[in-house]
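These notes concern the structure reproduced below.
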Amino acid sequence: MKKTFLCSILLFQLFIQYLGVVATSKNFGNSSGKSSEFKESVDPGFDLFFASNDREVENVPIYFKNPLPPWIKGTLIRNGLGRYEIGQRRFTHAFDAFAKLLSWKFPGNGTAFFSTKFIQSDFYKKSIQVNDIAPYLLFETVEPEFNVFQRFEALLRGIDNMNVNVYKFGENDVAVLNDFWKIYTIDPTSLKTRTSITPSIHVPKSPSAFTFLNFISSAHPLPEMGTPHHLSYLSSVNIIPGMKSRISLVRIKSSEEREIITSWEVDRVPYMHSFAATKNYVVFFACPYFINVKKMVRYAIPERSLDWEQESPTILYVVHIKSGKVVTMMTDTVFMMHQINAFERDGVIIVDISAYPNPDFVKNLEMKNLLDPIKRNQFNTRASVRRYTITLNTQTVVWKTFRDTETAPCASALDLPTINEFYRYRPYCFAYGVALKCNNVSLSDIAIVKKDLCGRGRDKMWKIANHYAVEAWFIPEPGGGKYEDDGYLVLPVLNGEAKSSYLAFIDARSMEMVNSAEIPMIVPFNLHGRFFDDLL
């Protein structure tokens, strides 16, 4: 009798729970419908910016509204986000989406061709094979989360998703990058993945040589002026308590061949997405955003393993490339993702960056925020262009910001910067970039801006309501142009109202769109890329 009574109670409880689940599901469905309607009325099509696109195509003709200049000849390749879920799992942070390449070929005869393919990394291929997101190290995590054994497996495998940038290190030597030492090479013509490379390198021995891993680097190498080589860095993280880690300035000779220029010890390794360089110097901004090894081992989630110290200064490491001498200086607390340009003038080093008060916006780029039309407008995403003046003789650092004009009220809020590359390491006036939340209200209010750093009132911007832009690349007129702003900003744009994408050509002087071509699919958000005038 007692067993029957207890079973009856248990069945009754399960039935009540079932009703609750059904009711919740129905309410969730209704709420989702209302939410979807609300999203469409506020930011039409913005969700498509962060939606998967599984299609791959090669050399599909696209047609511009106006004839292309015959000197536009080469290939624009961009790297970014292509797929946000597989099977029953999805990424929780936009930065973790599977890497997908896009390219636009311009043969120079007025025609143009579009291609897009996923990077066939081990991570992507394994995930496709098992119809699930395979356990590899990510920036954040997945839903449902990996179990403890999968997290350990992810930690051992490391990062394998090269979804940030694309770079050319030599003749037909094109690589895709993330902020890690490992890279993948690709065929720039077909976008097919060639092979993965973890370059071998000799890190100088020291009393603290028991390093955890030589694995952190930059997705933004810079050319070494006067040579065919490039510059980057390598962080060697030490897991032995009380032992120092190392940062090394690295010369890239090819995707496989690298050499250390100089190394120095640090107490803790900072996260550095990019760095600045001039003809003679490299400048690292070591913001107080430190890798916590204990948390990395515990969670196997880099985002949870970074400690921001608001009260700590930012350390500058200024490295003389030829001698390897390192000068250490301090400046006010700041966080940066991207440097804009740097140059030497009258015995000082000038460095321009897109600055933030802290790294909170990085965490806030989670999918649950980006896809919520209320939440995504509640966090600060506005950068601030800062100019740093570094005087080595006195070892002093000062910085300033720039005022905006009524014609471009968010020009100083740019990030994802680009310049006329003929002015790399030279005095220059114009920086171009993406200004999110231009109206300081809606994240989706996105402008492509032109900032006059020479203070002559030439700020301008381009934006169209419900058209969502990404980083542009500056294609200069032949020879760099007569003037610095002679050329075009070229970028893919998502038309939220039409639910389609197009490639835009914006006149860099007037900041008016002068040409465009429809892309035969929706292009999700993509991060970085560049135009190669010697690739077809």
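Residue names in the structure tokens use chain letters A, B, ... in the order shown, residue numbers from 1 in each chain, and ligand numbers from 1 in the order shown.
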Among the residues of range 137-308 of chain A, find those DSSP assigns to strand (DSSP E or B) from the backbone and print them as a PDB file with N, CA, C and O atoms, in the first residue's frame.
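File produced: part34.pdb:
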```pdb
ATOM      1  N   VAL A 142      31.323  26.253 -24.846  1.00  0.00           N
ATOM      2  CA  VAL A 142      30.220  25.791 -25.688  1.00  0.00           C
ATOM      3  C   VAL A 142      29.020  25.481 -24.804  1.00  0.00           C
ATOM      4  O   VAL A 142      29.128  25.358 -23.589  1.00  0.00           O
ATOM      5  N   GLU A 143      27.854  25.377 -25.452  1.00  0.00           N
ATOM      6  CA  GLU A 143      26.628  24.907 -24.792  1.00  0.00           C
ATOM      7  C   GLU A 143      26.103  23.708 -25.563  1.00  0.00           C
ATOM      8  O   GLU A 143      25.898  23.821 -26.782  1.00  0.00           O
ATOM      9  N   ASN A 165      42.888  36.311 -39.075  1.00  0.00           N
ATOM     10  CA  ASN A 165      43.551  37.133 -40.083  1.00  0.00           C
ATOM     11  C   ASN A 165      44.152  36.259 -41.176  1.00  0.00           C
ATOM     12  O   ASN A 165      44.189  35.028 -41.076  1.00  0.00           O
ATOM     13  N   VAL A 166      44.637  36.906 -42.225  1.00  0.00           N
ATOM     14  CA  VAL A 166      45.305  36.232 -43.335  1.00  0.00           C
ATOM     15  C   VAL A 166      46.510  37.081 -43.707  1.00  0.00           C
ATOM     16  O   VAL A 166      46.439  38.316 -43.708  1.00  0.00           O
ATOM     17  N   TYR A 167      47.638  36.424 -43.994  1.00  0.00           N
ATOM     18  CA  TYR A 167      48.872  37.172 -44.256  1.00  0.00           C
ATOM     19  C   TYR A 167      49.722  36.427 -45.276  1.00  0.00           C
ATOM     20  O   TYR A 167      49.669  35.199 -45.375  1.00  0.00           O
ATOM     21  N   LYS A 168      50.519  37.187 -46.004  1.00  0.00           N
ATOM     22  CA  LYS A 168      51.406  36.622 -47.025  1.00  0.00           C
ATOM     23  C   LYS A 168      52.847  36.835 -46.578  1.00  0.00           C
ATOM     24  O   LYS A 168      53.283  37.968 -46.391  1.00  0.00           O
ATOM     25  N   PHE A 169      53.592  35.732 -46.411  1.00  0.00           N
ATOM     26  CA  PHE A 169      54.956  35.805 -45.917  1.00  0.00           C
ATOM     27  C   PHE A 169      56.004  35.639 -47.012  1.00  0.00           C
ATOM     28  O   PHE A 169      57.195  35.774 -46.742  1.00  0.00           O
ATOM     29  N   GLY A 170      55.573  35.311 -48.207  1.00  0.00           N
ATOM     30  CA  GLY A 170      56.517  35.134 -49.307  1.00  0.00           C
ATOM     31  C   GLY A 170      55.755  34.735 -50.547  1.00  0.00           C
ATOM     32  O   GLY A 170      54.519  34.735 -50.586  1.00  0.00           O
ATOM     33  N   ASP A 173      53.105  32.122 -50.332  1.00  0.00           N
ATOM     34  CA  ASP A 173      53.159  31.624 -48.958  1.00  0.00           C
ATOM     35  C   ASP A 173      52.134  32.406 -48.133  1.00  0.00           C
ATOM     36  O   ASP A 173      52.455  33.400 -47.477  1.00  0.00           O
ATOM     37  N   VAL A 174      50.887  31.953 -48.176  1.00  0.00           N
ATOM     38  CA  VAL A 174      49.785  32.660 -47.527  1.00  0.00           C
ATOM     39  C   VAL A 174      49.301  31.834 -46.337  1.00  0.00           C
ATOM     40  O   VAL A 174      49.058  30.630 -46.460  1.00  0.00           O
ATOM     41  N   ALA A 175      49.166  32.490 -45.195  1.00  0.00           N
ATOM     42  CA  ALA A 175      48.798  31.794 -43.961  1.00  0.00           C
ATOM     43  C   ALA A 175      47.589  32.452 -43.319  1.00  0.00           C
ATOM     44  O   ALA A 175      47.343  33.661 -43.480  1.00  0.00           O
ATOM     45  N   VAL A 176      46.826  31.650 -42.578  1.00  0.00           N
ATOM     46  CA  VAL A 176      45.719  32.165 -41.780  1.00  0.00           C
ATOM     47  C   VAL A 176      46.116  32.052 -40.310  1.00  0.00           C
ATOM     48  O   VAL A 176      46.771  31.082 -39.896  1.00  0.00           O
ATOM     49  N   LEU A 177      45.704  33.060 -39.525  1.00  0.00           N
ATOM     50  CA  LEU A 177      46.272  33.233 -38.195  1.00  0.00           C
ATOM     51  C   LEU A 177      45.212  33.439 -37.129  1.00  0.00           C
ATOM     52  O   LEU A 177      44.097  33.892 -37.404  1.00  0.00           O
ATOM     53  N   PHE A 180      47.976  32.777 -31.852  1.00  0.00           N
ATOM     54  CA  PHE A 180      48.727  31.626 -31.380  1.00  0.00           C
ATOM     55  C   PHE A 180      49.845  31.305 -32.359  1.00  0.00           C
ATOM     56  O   PHE A 180      49.848  31.762 -33.505  1.00  0.00           O
ATOM     57  N   ILE A 183      49.829  27.944 -37.131  1.00  0.00           N
ATOM     58  CA  ILE A 183      49.127  28.570 -38.247  1.00  0.00           C
ATOM     59  C   ILE A 183      48.706  27.488 -39.242  1.00  0.00           C
ATOM     60  O   ILE A 183      49.114  26.331 -39.139  1.00  0.00           O
ATOM     61  N   TYR A 184      47.883  27.884 -40.207  1.00  0.00           N
ATOM     62  CA  TYR A 184      47.569  27.036 -41.358  1.00  0.00           C
ATOM     63  C   TYR A 184      47.934  27.800 -42.623  1.00  0.00           C
ATOM     64  O   TYR A 184      47.768  29.029 -42.684  1.00  0.00           O
ATOM     65  N   THR A 185      48.431  27.093 -43.609  1.00  0.00           N
ATOM     66  CA  THR A 185      48.673  27.720 -44.907  1.00  0.00           C
ATOM     67  C   THR A 185      47.538  27.346 -45.858  1.00  0.00           C
ATOM     68  O   THR A 185      46.913  26.293 -45.717  1.00  0.00           O
ATOM     69  N   ILE A 186      47.291  28.240 -46.809  1.00  0.00           N
ATOM     70  CA  ILE A 186      46.198  28.040 -47.763  1.00  0.00           C
ATOM     71  C   ILE A 186      46.671  28.307 -49.179  1.00  0.00           C
ATOM     72  O   ILE A 186      47.697  28.961 -49.400  1.00  0.00           O
ATOM     73  N   THR A 193      42.677  24.612 -47.953  1.00  0.00           N
ATOM     74  CA  THR A 193      43.635  24.526 -46.854  1.00  0.00           C
ATOM     75  C   THR A 193      44.765  23.586 -47.237  1.00  0.00           C
ATOM     76  O   THR A 193      44.528  22.481 -47.738  1.00  0.00           O
ATOM     77  N   ARG A 194      45.996  24.034 -47.012  1.00  0.00           N
ATOM     78  CA  ARG A 194      47.145  23.195 -47.343  1.00  0.00           C
ATOM     79  C   ARG A 194      47.589  22.362 -46.148  1.00  0.00           C
ATOM     80  O   ARG A 194      47.417  21.158 -46.124  1.00  0.00           O
ATOM     81  N   THR A 195      48.171  22.997 -45.145  1.00  0.00           N
ATOM     82  CA  THR A 195      48.703  22.234 -44.019  1.00  0.00           C
ATOM     83  C   THR A 195      48.799  23.109 -42.784  1.00  0.00           C
ATOM     84  O   THR A 195      48.776  24.344 -42.882  1.00  0.00           O
ATOM     85  N   SER A 196      48.895  22.463 -41.637  1.00  0.00           N
ATOM     86  CA  SER A 196      49.136  23.188 -40.397  1.00  0.00           C
ATOM     87  C   SER A 196      50.630  23.231 -40.129  1.00  0.00           C
ATOM     88  O   SER A 196      51.365  22.297 -40.470  1.00  0.00           O
ATOM     89  N   ILE A 197      51.069  24.328 -39.520  1.00  0.00           N
ATOM     90  CA  ILE A 197      52.495  24.499 -39.225  1.00  0.00           C
ATOM     91  C   ILE A 197      52.631  25.049 -37.803  1.00  0.00           C
ATOM     92  O   ILE A 197      51.988  26.040 -37.446  1.00  0.00           O
ATOM     93  N   THR A 211      59.223  26.268 -19.141  1.00  0.00           N
ATOM     94  CA  THR A 211      58.019  26.936 -19.612  1.00  0.00           C
ATOM     95  C   THR A 211      56.897  25.943 -19.868  1.00  0.00           C
ATOM     96  O   THR A 211      57.133  24.789 -20.229  1.00  0.00           O
ATOM     97  N   PHE A 212      55.677  26.443 -19.707  1.00  0.00           N
ATOM     98  CA  PHE A 212      54.487  25.627 -19.947  1.00  0.00           C
ATOM     99  C   PHE A 212      54.322  25.359 -21.433  1.00  0.00           C
ATOM    100  O   PHE A 212      54.232  24.225 -21.870  1.00  0.00           O
ATOM    101  N   LEU A 213      54.346  26.414 -22.195  1.00  0.00           N
ATOM    102  CA  LEU A 213      54.137  26.280 -23.640  1.00  0.00           C
ATOM    103  C   LEU A 213      54.627  27.533 -24.356  1.00  0.00           C
ATOM    104  O   LEU A 213      54.444  28.651 -23.861  1.00  0.00           O
ATOM    105  N   ASN A 214      55.232  27.337 -25.516  1.00  0.00           N
ATOM    106  CA  ASN A 214      55.520  28.447 -26.417  1.00  0.00           C
ATOM    107  C   ASN A 214      54.365  28.515 -27.408  1.00  0.00           C
ATOM    108  O   ASN A 214      54.423  27.942 -28.482  1.00  0.00           O
ATOM    109  N   PHE A 215      53.287  29.200 -27.028  1.00  0.00           N
ATOM    110  CA  PHE A 215      52.097  29.070 -27.871  1.00  0.00           C
ATOM    111  C   PHE A 215      51.358  30.369 -28.163  1.00  0.00           C
ATOM    112  O   PHE A 215      50.527  30.413 -29.041  1.00  0.00           O
ATOM    113  N   ILE A 216      51.642  31.444 -27.462  1.00  0.00           N
ATOM    114  CA  ILE A 216      50.881  32.677 -27.664  1.00  0.00           C
ATOM    115  C   ILE A 216      51.656  33.614 -28.586  1.00  0.00           C
ATOM    116  O   ILE A 216      52.842  33.872 -28.384  1.00  0.00           O
ATOM    117  N   LEU A 222      53.732  42.420 -38.590  1.00  0.00           N
ATOM    118  CA  LEU A 222      53.999  43.676 -39.292  1.00  0.00           C
ATOM    119  C   LEU A 222      55.245  43.523 -40.152  1.00  0.00           C
ATOM    120  O   LEU A 222      56.172  42.784 -39.794  1.00  0.00           O
ATOM    121  N   PRO A 223      55.294  44.212 -41.296  1.00  0.00           N
ATOM    122  CA  PRO A 223      56.485  44.110 -42.147  1.00  0.00           C
ATOM    123  C   PRO A 223      57.710  44.713 -41.461  1.00  0.00           C
ATOM    124  O   PRO A 223      57.606  45.718 -40.751  1.00  0.00           O
ATOM    125  N   HIS A 230      58.941  39.725 -41.818  1.00  0.00           N
ATOM    126  CA  HIS A 230      57.900  40.301 -40.973  1.00  0.00           C
ATOM    127  C   HIS A 230      58.265  40.116 -39.504  1.00  0.00           C
ATOM    128  O   HIS A 230      59.141  39.314 -39.168  1.00  0.00           O
ATOM    129  N   LEU A 231      57.584  40.862 -38.647  1.00  0.00           N
ATOM    130  CA  LEU A 231      57.842  40.821 -37.217  1.00  0.00           C
ATOM    131  C   LEU A 231      56.623  40.300 -36.470  1.00  0.00           C
ATOM    132  O   LEU A 231      55.486  40.578 -36.854  1.00  0.00           O
ATOM    133  N   SER A 232      56.873  39.553 -35.431  1.00  0.00           N
ATOM    134  CA  SER A 232      55.801  39.108 -34.542  1.00  0.00           C
ATOM    135  C   SER A 232      56.417  38.880 -33.168  1.00  0.00           C
ATOM    136  O   SER A 232      57.533  39.322 -32.887  1.00  0.00           O
ATOM    137  N   TYR A 233      55.717  38.179 -32.313  1.00  0.00           N
ATOM    138  CA  TYR A 233      56.272  37.871 -31.001  1.00  0.00           C
ATOM    139  C   TYR A 233      55.835  36.485 -30.565  1.00  0.00           C
ATOM    140  O   TYR A 233      54.918  35.889 -31.125  1.00  0.00           O
ATOM    141  N   LEU A 234      56.497  35.965 -29.543  1.00  0.00           N
ATOM    142  CA  LEU A 234      56.156  34.678 -28.952  1.00  0.00           C
ATOM    143  C   LEU A 234      56.215  34.826 -27.440  1.00  0.00           C
ATOM    144  O   LEU A 234      57.209  35.303 -26.890  1.00  0.00           O
ATOM    145  N   SER A 235      55.143  34.430 -26.756  1.00  0.00           N
ATOM    146  CA  SER A 235      55.127  34.399 -25.295  1.00  0.00           C
ATOM    147  C   SER A 235      55.326  32.966 -24.824  1.00  0.00           C
ATOM    148  O   SER A 235      54.658  32.048 -25.302  1.00  0.00           O
ATOM    149  N   SER A 236      56.241  32.788 -23.889  1.00  0.00           N
ATOM    150  CA  SER A 236      56.515  31.483 -23.298  1.00  0.00           C
ATOM    151  C   SER A 236      56.044  31.532 -21.852  1.00  0.00           C
ATOM    152  O   SER A 236      56.658  32.212 -21.018  1.00  0.00           O
ATOM    153  N   VAL A 237      54.963  30.836 -21.559  1.00  0.00           N
ATOM    154  CA  VAL A 237      54.305  30.933 -20.262  1.00  0.00           C
ATOM    155  C   VAL A 237      54.854  29.875 -19.314  1.00  0.00           C
ATOM    156  O   VAL A 237      54.896  28.693 -19.644  1.00  0.00           O
ATOM    157  N   ASN A 238      55.251  30.290 -18.129  1.00  0.00           N
ATOM    158  CA  ASN A 238      55.831  29.386 -17.142  1.00  0.00           C
ATOM    159  C   ASN A 238      54.786  28.955 -16.122  1.00  0.00           C
ATOM    160  O   ASN A 238      54.061  29.789 -15.589  1.00  0.00           O
ATOM    161  N   SER A 245      58.333  34.099 -16.828  1.00  0.00           N
ATOM    162  CA  SER A 245      58.009  33.738 -18.215  1.00  0.00           C
ATOM    163  C   SER A 245      58.839  34.613 -19.147  1.00  0.00           C
ATOM    164  O   SER A 245      59.648  35.435 -18.692  1.00  0.00           O
ATOM    165  N   ARG A 246      58.631  34.448 -20.467  1.00  0.00           N
ATOM    166  CA  ARG A 246      59.443  35.206 -21.423  1.00  0.00           C
ATOM    167  C   ARG A 246      58.574  35.729 -22.560  1.00  0.00           C
ATOM    168  O   ARG A 246      57.556  35.137 -22.923  1.00  0.00           O
ATOM    169  N   ILE A 247      59.018  36.861 -23.103  1.00  0.00           N
ATOM    170  CA  ILE A 247      58.463  37.390 -24.353  1.00  0.00           C
ATOM    171  C   ILE A 247      59.620  37.528 -25.330  1.00  0.00           C
ATOM    172  O   ILE A 247      60.693  38.022 -24.967  1.00  0.00           O
ATOM    173  N   SER A 248      59.415  37.083 -26.561  1.00  0.00           N
ATOM    174  CA  SER A 248      60.458  37.141 -27.580  1.00  0.00           C
ATOM    175  C   SER A 248      59.964  37.906 -28.801  1.00  0.00           C
ATOM    176  O   SER A 248      58.843  37.671 -29.275  1.00  0.00           O
ATOM    177  N   LEU A 249      60.792  38.816 -29.286  1.00  0.00           N
ATOM    178  CA  LEU A 249      60.538  39.453 -30.578  1.00  0.00           C
ATOM    179  C   LEU A 249      61.048  38.515 -31.656  1.00  0.00           C
ATOM    180  O   LEU A 249      62.194  38.045 -31.605  1.00  0.00           O
ATOM    181  N   VAL A 250      60.183  38.226 -32.632  1.00  0.00           N
ATOM    182  CA  VAL A 250      60.474  37.187 -33.622  1.00  0.00           C
ATOM    183  C   VAL A 250      60.475  37.768 -35.028  1.00  0.00           C
ATOM    184  O   VAL A 250      59.625  38.595 -35.381  1.00  0.00           O
ATOM    185  N   ARG A 251      61.430  37.315 -35.825  1.00  0.00           N
ATOM    186  CA  ARG A 251      61.469  37.650 -37.258  1.00  0.00           C
ATOM    187  C   ARG A 251      60.882  36.467 -38.028  1.00  0.00           C
ATOM    188  O   ARG A 251      61.318  35.326 -37.877  1.00  0.00           O
ATOM    189  N   ILE A 252      59.868  36.758 -38.855  1.00  0.00           N
ATOM    190  CA  ILE A 252      59.242  35.724 -39.689  1.00  0.00           C
ATOM    191  C   ILE A 252      59.853  35.784 -41.082  1.00  0.00           C
ATOM    192  O   ILE A 252      59.708  36.782 -41.790  1.00  0.00           O
ATOM    193  N   ARG A 258      61.460  30.897 -38.716  1.00  0.00           N
ATOM    194  CA  ARG A 258      61.411  32.054 -37.827  1.00  0.00           C
ATOM    195  C   ARG A 258      62.661  32.076 -36.958  1.00  0.00           C
ATOM    196  O   ARG A 258      63.255  31.036 -36.693  1.00  0.00           O
ATOM    197  N   GLU A 259      63.018  33.273 -36.515  1.00  0.00           N
ATOM    198  CA  GLU A 259      64.166  33.394 -35.632  1.00  0.00           C
ATOM    199  C   GLU A 259      63.898  34.448 -34.570  1.00  0.00           C
ATOM    200  O   GLU A 259      63.166  35.416 -34.812  1.00  0.00           O
ATOM    201  N   ILE A 260      64.474  34.240 -33.397  1.00  0.00           N
ATOM    202  CA  ILE A 260      64.308  35.191 -32.304  1.00  0.00           C
ATOM    203  C   ILE A 260      65.312  36.327 -32.443  1.00  0.00           C
ATOM    204  O   ILE A 260      66.513  36.087 -32.601  1.00  0.00           O
ATOM    205  N   ILE A 261      64.811  37.545 -32.393  1.00  0.00           N
ATOM    206  CA  ILE A 261      65.674  38.729 -32.430  1.00  0.00           C
ATOM    207  C   ILE A 261      66.207  39.025 -31.038  1.00  0.00           C
ATOM    208  O   ILE A 261      67.400  39.270 -30.852  1.00  0.00           O
ATOM    209  N   THR A 262      65.309  38.997 -30.058  1.00  0.00           N
ATOM    210  CA  THR A 262      65.695  39.189 -28.664  1.00  0.00           C
ATOM    211  C   THR A 262      64.595  38.661 -27.758  1.00  0.00           C
ATOM    212  O   THR A 262      63.447  38.514 -28.206  1.00  0.00           O
ATOM    213  N   SER A 263      64.941  38.371 -26.504  1.00  0.00           N
ATOM    214  CA  SER A 263      63.967  37.884 -25.521  1.00  0.00           C
ATOM    215  C   SER A 263      64.192  38.600 -24.195  1.00  0.00           C
ATOM    216  O   SER A 263      65.307  39.046 -23.899  1.00  0.00           O
ATOM    217  N   TRP A 264      63.145  38.686 -23.399  1.00  0.00           N
ATOM    218  CA  TRP A 264      63.283  39.252 -22.059  1.00  0.00           C
ATOM    219  C   TRP A 264      62.284  38.573 -21.129  1.00  0.00           C
ATOM    220  O   TRP A 264      61.264  38.048 -21.560  1.00  0.00           O
ATOM    221  N   GLU A 265      62.638  38.579 -19.838  1.00  0.00           N
ATOM    222  CA  GLU A 265      61.811  37.908 -18.845  1.00  0.00           C
ATOM    223  C   GLU A 265      60.734  38.845 -18.309  1.00  0.00           C
ATOM    224  O   GLU A 265      60.932  40.060 -18.201  1.00  0.00           O
ATOM    225  N   VAL A 266      59.584  38.241 -17.970  1.00  0.00           N
ATOM    226  CA  VAL A 266      58.476  38.990 -17.370  1.00  0.00           C
ATOM    227  C   VAL A 266      57.909  38.156 -16.218  1.00  0.00           C
ATOM    228  O   VAL A 266      57.994  36.926 -16.227  1.00  0.00           O
ATOM    229  N   PRO A 270      51.208  39.131 -20.462  1.00  0.00           N
ATOM    230  CA  PRO A 270      49.980  39.845 -20.797  1.00  0.00           C
ATOM    231  C   PRO A 270      49.393  39.343 -22.103  1.00  0.00           C
ATOM    232  O   PRO A 270      50.119  38.801 -22.946  1.00  0.00           O
ATOM    233  N   ALA A 276      52.954  47.536 -32.140  1.00  0.00           N
ATOM    234  CA  ALA A 276      53.297  48.612 -33.080  1.00  0.00           C
ATOM    235  C   ALA A 276      54.760  48.485 -33.488  1.00  0.00           C
ATOM    236  O   ALA A 276      55.574  47.893 -32.770  1.00  0.00           O
ATOM    237  N   ALA A 277      55.091  49.053 -34.640  1.00  0.00           N
ATOM    238  CA  ALA A 277      56.474  49.032 -35.104  1.00  0.00           C
ATOM    239  C   ALA A 277      56.757  50.280 -35.937  1.00  0.00           C
ATOM    240  O   ALA A 277      55.844  50.900 -36.504  1.00  0.00           O
ATOM    241  N   TYR A 281      62.122  50.403 -34.433  1.00  0.00           N
ATOM    242  CA  TYR A 281      61.664  49.937 -33.129  1.00  0.00           C
ATOM    243  C   TYR A 281      60.372  49.127 -33.239  1.00  0.00           C
ATOM    244  O   TYR A 281      59.579  49.291 -34.172  1.00  0.00           O
ATOM    245  N   VAL A 282      60.195  48.276 -32.228  1.00  0.00           N
ATOM    246  CA  VAL A 282      58.914  47.607 -32.001  1.00  0.00           C
ATOM    247  C   VAL A 282      58.431  48.024 -30.622  1.00  0.00           C
ATOM    248  O   VAL A 282      59.216  48.073 -29.667  1.00  0.00           O
ATOM    249  N   VAL A 283      57.137  48.350 -30.508  1.00  0.00           N
ATOM    250  CA  VAL A 283      56.563  48.797 -29.245  1.00  0.00           C
ATOM    251  C   VAL A 283      55.432  47.850 -28.858  1.00  0.00           C
ATOM    252  O   VAL A 283      54.452  47.690 -29.596  1.00  0.00           O
ATOM    253  N   PHE A 284      55.582  47.215 -27.701  1.00  0.00           N
ATOM    254  CA  PHE A 284      54.547  46.330 -27.157  1.00  0.00           C
ATOM    255  C   PHE A 284      53.815  47.050 -26.030  1.00  0.00           C
ATOM    256  O   PHE A 284      54.452  47.560 -25.103  1.00  0.00           O
ATOM    257  N   PHE A 285      52.499  47.073 -26.109  1.00  0.00           N
ATOM    258  CA  PHE A 285      51.667  47.574 -25.027  1.00  0.00           C
ATOM    259  C   PHE A 285      51.244  46.371 -24.178  1.00  0.00           C
ATOM    260  O   PHE A 285      50.352  45.618 -24.561  1.00  0.00           O
ATOM    261  N   ALA A 286      51.916  46.197 -23.036  1.00  0.00           N
ATOM    262  CA  ALA A 286      51.575  45.108 -22.127  1.00  0.00           C
ATOM    263  C   ALA A 286      50.521  45.612 -21.156  1.00  0.00           C
ATOM    264  O   ALA A 286      50.833  46.056 -20.038  1.00  0.00           O
ATOM    265  N   TYR A 289      46.340  42.784 -18.399  1.00  0.00           N
ATOM    266  CA  TYR A 289      45.376  41.717 -18.677  1.00  0.00           C
ATOM    267  C   TYR A 289      46.190  40.440 -18.769  1.00  0.00           C
ATOM    268  O   TYR A 289      46.673  40.070 -19.836  1.00  0.00           O
ATOM    269  N   PHE A 290      46.367  39.776 -17.630  1.00  0.00           N
ATOM    270  CA  PHE A 290      47.391  38.740 -17.500  1.00  0.00           C
ATOM    271  C   PHE A 290      46.818  37.324 -17.573  1.00  0.00           C
ATOM    272  O   PHE A 290      45.709  37.059 -17.100  1.00  0.00           O
ATOM    273  N   ILE A 291      47.622  36.432 -18.149  1.00  0.00           N
ATOM    274  CA  ILE A 291      47.261  35.019 -18.219  1.00  0.00           C
ATOM    275  C   ILE A 291      47.470  34.392 -16.846  1.00  0.00           C
ATOM    276  O   ILE A 291      48.564  34.460 -16.269  1.00  0.00           O
ATOM    277  N   LEU A 306      42.005  35.000 -17.776  1.00  0.00           N
ATOM    278  CA  LEU A 306      42.650  36.299 -17.951  1.00  0.00           C
ATOM    279  C   LEU A 306      42.226  37.216 -16.812  1.00  0.00           C
ATOM    280  O   LEU A 306      41.038  37.403 -16.561  1.00  0.00           O
ATOM    281  N   ASP A 307      43.198  37.773 -16.117  1.00  0.00           N
ATOM    282  CA  ASP A 307      42.936  38.650 -14.975  1.00  0.00           C
ATOM    283  C   ASP A 307      43.198  40.101 -15.361  1.00  0.00           C
ATOM    284  O   ASP A 307      44.329  40.454 -15.753  1.00  0.00           O
ATOM    285  N   TRP A 308      42.164  40.935 -15.240  1.00  0.00           N
ATOM    286  CA  TRP A 308      42.321  42.372 -15.488  1.00  0.00           C
ATOM    287  C   TRP A 308      42.590  43.073 -14.168  1.00  0.00           C
ATOM    288  O   TRP A 308      41.852  42.910 -13.208  1.00  0.00           O
TER     289      TRP A 308
END
```
| field | Residue neighbourhood Thr391 in chain A, 8 Å, only C-alpha atoms, exclusion window fewer than 4 positions, as a PyMOL selection string | value | chain A and resi 347-349+395-397
Pull C-alpha atoms from the residues just selected and write them as a PDB file, in the first residue's frame.
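Saved file again13.pdb follows:
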```pdb
ATOM      1  CA  GLY A 347      63.834  61.743 -31.984  1.00  0.00           C
ATOM      2  CA  VAL A 348      60.526  60.435 -30.624  1.00  0.00           C
ATOM      3  CA  ILE A 349      58.267  57.505 -31.438  1.00  0.00           C
ATOM      4  CA  GLN A 395      62.088  57.569 -20.969  1.00  0.00           C
ATOM      5  CA  THR A 396      58.798  59.444 -20.857  1.00  0.00           C
ATOM      6  CA  VAL A 397      55.410  58.587 -22.318  1.00  0.00           C
TER       7      VAL A 397
END
```
| task | Enter the distance from CA of Pro520 in chain A to CA of Ile72 in chain A, in Å, rounded to one decimal. | result |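 Rounded to one decimal, the two atoms are 21.1 Å apart.
The residues of range 245-433 of chain A that DSSP classifies as alpha helix (DSSP H), using the backbone of this structure, are Val293, Lys294, Lys295, Met296, Val297, Arg298, Tyr299, Asp360, Phe361, Val362, Lys363, Asn364, Met367, Lys368, Asn369 and Leu370 of chain A.
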| message | Which residue is closest to Arg345 in chain A? Choose from A:Trp399, A:Tyr425, A:Phe275, A:Trp181 and count only C-alpha atoms. | response |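 Of A:Trp399, A:Tyr425, A:Phe275, A:Trp181, the one nearest Arg345 in chain A, counting only C-alpha atoms, is A:Tyr425.
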| message | Using only C-alpha atoms for the distances, tell me which of A:Asp533, A:Asp452, A:Glu366, A:Asp415 is nearest to His338 in chain A. | response |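 Residue with the minimum atom-to-atom distance to His338 in chain A: A:Asp415.
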| request: Quick one: everything within 10 Å of range 530-532 of chain A, counting only C-alpha atoms, minus sequence neighbours fewer than 3 positions away in the same chain. Send it as an MDAnalysis selection string. | output: chainID A and resid 73:79 103:105 165:168 188 418 471:475 490 535:536
Could the residues of range 63-103 of chain A that have an atom at most 12 Å from range 153-160 of chain A be listed as JSON lines, each with its closest atom pair and the distance in Å to one decimal, counting only C-alpha atoms and ordered by chain and ascending residue number?
```
{"residue": "A:Asp96", "atom": "CA", "partner": "A:Ile159", "partner_atom": "CA", "distance": 10.1}
{"residue": "A:Ala97", "atom": "CA", "partner": "A:Asp160", "partner_atom": "CA", "distance": 11.7}
{"residue": "A:Phe98", "atom": "CA", "partner": "A:Asp160", "partner_atom": "CA", "distance": 9.9}
{"residue": "A:Ala99", "atom": "CA", "partner": "A:Asp160", "partner_atom": "CA", "distance": 9.9}
```
